[in-house]
Amino acid sequence: MTKKEKIEKLIVRAQEAQKKAYVPYSGYSVGAAVLTSDGDIFDGCNIENASYTPTVCAERVAIFKAVSEDASSIDAIAVVAGEDMGFPCGVCRQVMREFASEGLEIIVAKNKDEYECYHLEDLLPHSFGPENLKGGEHV
């Protein structure tokens, strides 16, 4: 499978997940799909809550599903949001940092024909990670 085919597959999975979004307050549905280092794909959608704080972004849902299924790390993530290029929020970028393989590719897409690719370092420069803590590695 070519790199373009992998990107398109992730975008399509993110679009499918986006249809499941629970967004009665904002109406802004987001879907995400992550590709793990093991070659598995996990998807997620944003889920809102009336008190807002418990709302969870699609990116974190997909990442947490992968982590809960014992994925070693994440190589790529596609994010689809409405008619826009919906970039991950700061919290999602930090979660990506925690579970990403080196060179994590972030695909921000309107659809499988209109997308942009970034590396995590582009969107989260000078980041804070496990190596910044005492002991310098994951627990």
# chains A, B, ... in the order shown; residues from 1 in each chain; ligands from 1
call {"tool": "select_by_dssp", "arguments": {"residues": "chain A", "states": "alpha helix (DSSP H)", "output": "ChimeraX atom specification"}}
result
/A:3-18,58-68,90-99,120-123
call {"tool": "select_by_dssp", "arguments": {"residues": "chain A", "states": "strand (DSSP E or B)", "output": "mmCIF file with C-alpha atoms, in the first residue's frame"}}
result
data_model
loop_
_atom_site.group_PDB
_atom_site.id
_atom_site.type_symbol
_atom_site.label_atom_id
_atom_site.label_comp_id
_atom_site.auth_asym_id
_atom_site.auth_seq_id
_atom_site.Cartn_x
_atom_site.Cartn_y
_atom_site.Cartn_z
ATOM 1 C CA TYR A 22 -22.389 13.354 19.603
ATOM 2 C CA VAL A 30 -15.037 15.712 14.268
ATOM 3 C CA GLY A 31 -13.701 12.287 13.365
ATOM 4 C CA ALA A 32 -10.215 10.904 13.818
ATOM 5 C CA ALA A 33 -8.366 7.718 12.908
ATOM 6 C CA VAL A 34 -4.964 6.635 14.184
ATOM 7 C CA LEU A 35 -2.524 4.216 12.600
ATOM 8 C CA THR A 36 -0.441 2.343 15.140
ATOM 9 C CA ILE A 41 -6.344 1.544 12.851
ATOM 10 C CA PHE A 42 -8.500 2.928 15.649
ATOM 11 C CA ASP A 43 -11.067 5.655 15.142
ATOM 12 C CA GLY A 44 -13.011 8.041 17.321
ATOM 13 C CA CYS A 45 -15.455 10.940 17.281
ATOM 14 C CA ILE A 47 -18.475 13.468 22.341
ATOM 15 C CA VAL A 56 -13.783 14.633 24.700
ATOM 16 C CA ILE A 74 1.009 5.861 17.022
ATOM 17 C CA ASP A 75 2.571 6.567 13.620
ATOM 18 C CA ALA A 76 -0.155 8.709 12.017
ATOM 19 C CA ILE A 77 -3.488 10.351 12.777
ATOM 20 C CA ALA A 78 -6.087 11.789 10.403
ATOM 21 C CA VAL A 79 -8.524 14.444 11.602
ATOM 22 C CA VAL A 80 -11.681 15.446 9.700
ATOM 23 C CA ALA A 81 -13.826 18.343 10.888
ATOM 24 C CA ASP A 84 -12.767 23.204 7.695
ATOM 25 C CA ALA A 100 3.495 9.063 19.328
ATOM 26 C CA SER A 101 6.299 7.321 17.575
ATOM 27 C CA GLU A 102 9.084 9.569 16.356
ATOM 28 C CA GLY A 103 7.951 11.491 13.295
ATOM 29 C CA LEU A 104 4.208 11.216 14.002
ATOM 30 C CA GLU A 105 2.322 12.372 10.918
ATOM 31 C CA ILE A 106 -0.813 14.447 11.469
ATOM 32 C CA ILE A 107 -3.179 14.565 8.496
ATOM 33 C CA VAL A 108 -5.685 17.415 8.645
ATOM 34 C CA ALA A 109 -8.379 16.859 6.029
ATOM 35 C CA TYR A 115 -5.658 17.426 3.087
ATOM 36 C CA GLU A 116 -2.428 18.704 4.581
ATOM 37 C CA CYS A 117 0.244 16.674 6.365
ATOM 38 C CA TYR A 118 2.276 17.851 9.338
ATOM 39 C CA HIS A 119 4.638 16.327 11.840
#
call {"tool": "atom_distance", "arguments": {"atom1": "CA of Ala14 (chain A)", "atom2": "CA of Glu121 (chain A)"}}
result
22.0 Å
call {"tool": "closest_residue", "arguments": {"among": "A:Met85, A:Val12, A:Val95, A:Ala71", "to": "Glu59 (chain A)", "atoms": "only C-alpha atoms"}}
result
A:Val95
call {"tool": "closest_residue", "arguments": {"among": "A:Lys6, A:Lys134, A:Lys112, A:His126", "to": "Gly39 (chain A)", "atoms": "only C-alpha atoms"}}
result
A:Lys6
call {"tool": "closest_residue", "arguments": {"among": "A:Ser26, A:Phe128, A:Ile63, A:Glu114", "to": "Cys92 (chain A)", "atoms": "only C-alpha atoms"}}
result
A:Ile63
call {"tool": "decode", "arguments": {"residues": "region 93-105 of chain A", "atoms": "all heavy atoms", "output": "PDB file, in the first residue's frame"}}
result
ATOM      1  N   ARG A  93      -2.832  17.603  21.143  1.00  0.00           N
ATOM      2  CA  ARG A  93      -1.431  17.600  20.705  1.00  0.00           C
ATOM      3  C   ARG A  93      -0.533  17.042  21.800  1.00  0.00           C
ATOM      4  O   ARG A  93       0.391  16.279  21.535  1.00  0.00           O
ATOM      5  CB  ARG A  93      -0.988  19.013  20.316  1.00  0.00           C
ATOM      6  CG  ARG A  93      -1.710  19.535  19.088  1.00  0.00           C
ATOM      7  CD  ARG A  93      -1.353  20.975  18.773  1.00  0.00           C
ATOM      8  NE  ARG A  93      -2.316  21.538  17.832  1.00  0.00           N
ATOM      9  CZ  ARG A  93      -2.087  22.579  17.071  1.00  0.00           C
ATOM     10  NH1 ARG A  93      -0.923  23.205  17.121  1.00  0.00           N
ATOM     11  NH2 ARG A  93      -3.021  23.026  16.261  1.00  0.00           N
ATOM     12  N   GLN A  94      -0.816  17.393  23.050  1.00  0.00           N
ATOM     13  CA  GLN A  94      -0.011  16.873  24.156  1.00  0.00           C
ATOM     14  C   GLN A  94      -0.237  15.374  24.336  1.00  0.00           C
ATOM     15  O   GLN A  94       0.713  14.632  24.601  1.00  0.00           O
ATOM     16  CB  GLN A  94      -0.336  17.621  25.452  1.00  0.00           C
ATOM     17  CG  GLN A  94       0.591  17.272  26.598  1.00  0.00           C
ATOM     18  CD  GLN A  94       2.046  17.627  26.327  1.00  0.00           C
ATOM     19  OE1 GLN A  94       2.352  18.698  25.837  1.00  0.00           O
ATOM     20  NE2 GLN A  94       2.949  16.714  26.637  1.00  0.00           N
ATOM     21  N   VAL A  95      -1.465  14.903  24.162  1.00  0.00           N
ATOM     22  CA  VAL A  95      -1.735  13.457  24.248  1.00  0.00           C
ATOM     23  C   VAL A  95      -1.028  12.737  23.112  1.00  0.00           C
ATOM     24  O   VAL A  95      -0.443  11.666  23.311  1.00  0.00           O
ATOM     25  CB  VAL A  95      -3.259  13.185  24.247  1.00  0.00           C
ATOM     26  CG1 VAL A  95      -3.556  11.700  24.071  1.00  0.00           C
ATOM     27  CG2 VAL A  95      -3.888  13.697  25.533  1.00  0.00           C
ATOM     28  N   MET A  96      -1.049  13.318  21.913  1.00  0.00           N
ATOM     29  CA  MET A  96      -0.303  12.724  20.799  1.00  0.00           C
ATOM     30  C   MET A  96       1.173  12.594  21.160  1.00  0.00           C
ATOM     31  O   MET A  96       1.798  11.570  20.894  1.00  0.00           O
ATOM     32  CB  MET A  96      -0.442  13.588  19.540  1.00  0.00           C
ATOM     33  CG  MET A  96      -1.802  13.541  18.919  1.00  0.00           C
ATOM     34  SD  MET A  96      -1.873  14.708  17.525  1.00  0.00           S
ATOM     35  CE  MET A  96      -3.632  14.819  17.297  1.00  0.00           C
ATOM     36  N   ARG A  97       1.711  13.628  21.783  1.00  0.00           N
ATOM     37  CA  ARG A  97       3.124  13.631  22.167  1.00  0.00           C
ATOM     38  C   ARG A  97       3.447  12.457  23.089  1.00  0.00           C
ATOM     39  O   ARG A  97       4.496  11.836  22.998  1.00  0.00           O
ATOM     40  CB  ARG A  97       3.437  14.965  22.847  1.00  0.00           C
ATOM     41  CG  ARG A  97       4.777  15.063  23.534  1.00  0.00           C
ATOM     42  CD  ARG A  97       5.918  15.042  22.535  1.00  0.00           C
ATOM     43  NE  ARG A  97       7.143  15.539  23.113  1.00  0.00           N
ATOM     44  CZ  ARG A  97       7.952  14.824  23.886  1.00  0.00           C
ATOM     45  NH1 ARG A  97       7.657  13.579  24.213  1.00  0.00           N
ATOM     46  NH2 ARG A  97       9.057  15.366  24.365  1.00  0.00           N
ATOM     47  N   GLU A  98       2.525  12.139  23.969  1.00  0.00           N
ATOM     48  CA  GLU A  98       2.733  11.058  24.945  1.00  0.00           C
ATOM     49  C   GLU A  98       2.807   9.688  24.274  1.00  0.00           C
ATOM     50  O   GLU A  98       3.575   8.836  24.691  1.00  0.00           O
ATOM     51  CB  GLU A  98       1.598  11.072  25.970  1.00  0.00           C
ATOM     52  CG  GLU A  98       1.753  10.087  27.090  1.00  0.00           C
ATOM     53  CD  GLU A  98       2.799  10.485  28.128  1.00  0.00           C
ATOM     54  OE1 GLU A  98       3.219  11.655  28.172  1.00  0.00           O
ATOM     55  OE2 GLU A  98       3.190   9.599  28.912  1.00  0.00           O
ATOM     56  N   PHE A  99       1.998   9.473  23.236  1.00  0.00           N
ATOM     57  CA  PHE A  99       1.881   8.133  22.664  1.00  0.00           C
ATOM     58  C   PHE A  99       2.412   8.003  21.240  1.00  0.00           C
ATOM     59  O   PHE A  99       2.273   6.958  20.619  1.00  0.00           O
ATOM     60  CB  PHE A  99       0.415   7.681  22.710  1.00  0.00           C
ATOM     61  CG  PHE A  99      -0.117   7.597  24.112  1.00  0.00           C
ATOM     62  CD1 PHE A  99      -0.992   8.549  24.609  1.00  0.00           C
ATOM     63  CD2 PHE A  99       0.302   6.579  24.958  1.00  0.00           C
ATOM     64  CE1 PHE A  99      -1.461   8.486  25.910  1.00  0.00           C
ATOM     65  CE2 PHE A  99      -0.157   6.500  26.255  1.00  0.00           C
ATOM     66  CZ  PHE A  99      -1.040   7.456  26.736  1.00  0.00           C
ATOM     67  N   ALA A 100       3.037   9.055  20.717  1.00  0.00           N
ATOM     68  CA  ALA A 100       3.495   9.063  19.328  1.00  0.00           C
ATOM     69  C   ALA A 100       4.833   8.375  19.149  1.00  0.00           C
ATOM     70  O   ALA A 100       5.691   8.429  20.013  1.00  0.00           O
ATOM     71  CB  ALA A 100       3.612  10.500  18.842  1.00  0.00           C
ATOM     72  N   SER A 101       4.979   7.765  17.977  1.00  0.00           N
ATOM     73  CA  SER A 101       6.299   7.321  17.575  1.00  0.00           C
ATOM     74  C   SER A 101       7.028   8.550  17.037  1.00  0.00           C
ATOM     75  O   SER A 101       6.419   9.589  16.778  1.00  0.00           O
ATOM     76  CB  SER A 101       6.194   6.239  16.493  1.00  0.00           C
ATOM     77  OG  SER A 101       5.561   6.752  15.349  1.00  0.00           O
ATOM     78  N   GLU A 102       8.329   8.440  16.894  1.00  0.00           N
ATOM     79  CA  GLU A 102       9.084   9.569  16.356  1.00  0.00           C
ATOM     80  C   GLU A 102       8.609   9.861  14.932  1.00  0.00           C
ATOM     81  O   GLU A 102       8.402   8.949  14.146  1.00  0.00           O
ATOM     82  CB  GLU A 102      10.575   9.253  16.361  1.00  0.00           C
ATOM     83  CG  GLU A 102      11.428  10.449  16.047  1.00  0.00           C
ATOM     84  CD  GLU A 102      12.901  10.199  16.302  1.00  0.00           C
ATOM     85  OE1 GLU A 102      13.223   9.395  17.189  1.00  0.00           O
ATOM     86  OE2 GLU A 102      13.702  10.810  15.601  1.00  0.00           O
ATOM     87  N   GLY A 103       8.395  11.114  14.632  1.00  0.00           N
ATOM     88  CA  GLY A 103       7.951  11.491  13.295  1.00  0.00           C
ATOM     89  C   GLY A 103       6.463  11.331  13.063  1.00  0.00           C
ATOM     90  O   GLY A 103       6.021  11.212  11.920  1.00  0.00           O
ATOM     91  N   LEU A 104       5.663  11.349  14.137  1.00  0.00           N
ATOM     92  CA  LEU A 104       4.208  11.216  14.002  1.00  0.00           C
ATOM     93  C   LEU A 104       3.694  12.143  12.911  1.00  0.00           C
ATOM     94  O   LEU A 104       3.989  13.329  12.897  1.00  0.00           O
ATOM     95  CB  LEU A 104       3.505  11.560  15.312  1.00  0.00           C
ATOM     96  CG  LEU A 104       1.977  11.651  15.240  1.00  0.00           C
ATOM     97  CD1 LEU A 104       1.368  10.275  15.013  1.00  0.00           C
ATOM     98  CD2 LEU A 104       1.409  12.289  16.490  1.00  0.00           C
ATOM     99  N   GLU A 105       2.914  11.580  11.988  1.00  0.00           N
ATOM    100  CA  GLU A 105       2.322  12.372  10.918  1.00  0.00           C
ATOM    101  C   GLU A 105       0.878  12.698  11.279  1.00  0.00           C
ATOM    102  O   GLU A 105       0.102  11.820  11.630  1.00  0.00           O
ATOM    103  CB  GLU A 105       2.363  11.615   9.605  1.00  0.00           C
ATOM    104  CG  GLU A 105       1.926  12.436   8.430  1.00  0.00           C
ATOM    105  CD  GLU A 105       2.277  11.807   7.097  1.00  0.00           C
ATOM    106  OE1 GLU A 105       2.256  10.570   7.001  1.00  0.00           O
ATOM    107  OE2 GLU A 105       2.554  12.564   6.165  1.00  0.00           O
TER     108      GLU A 105
END
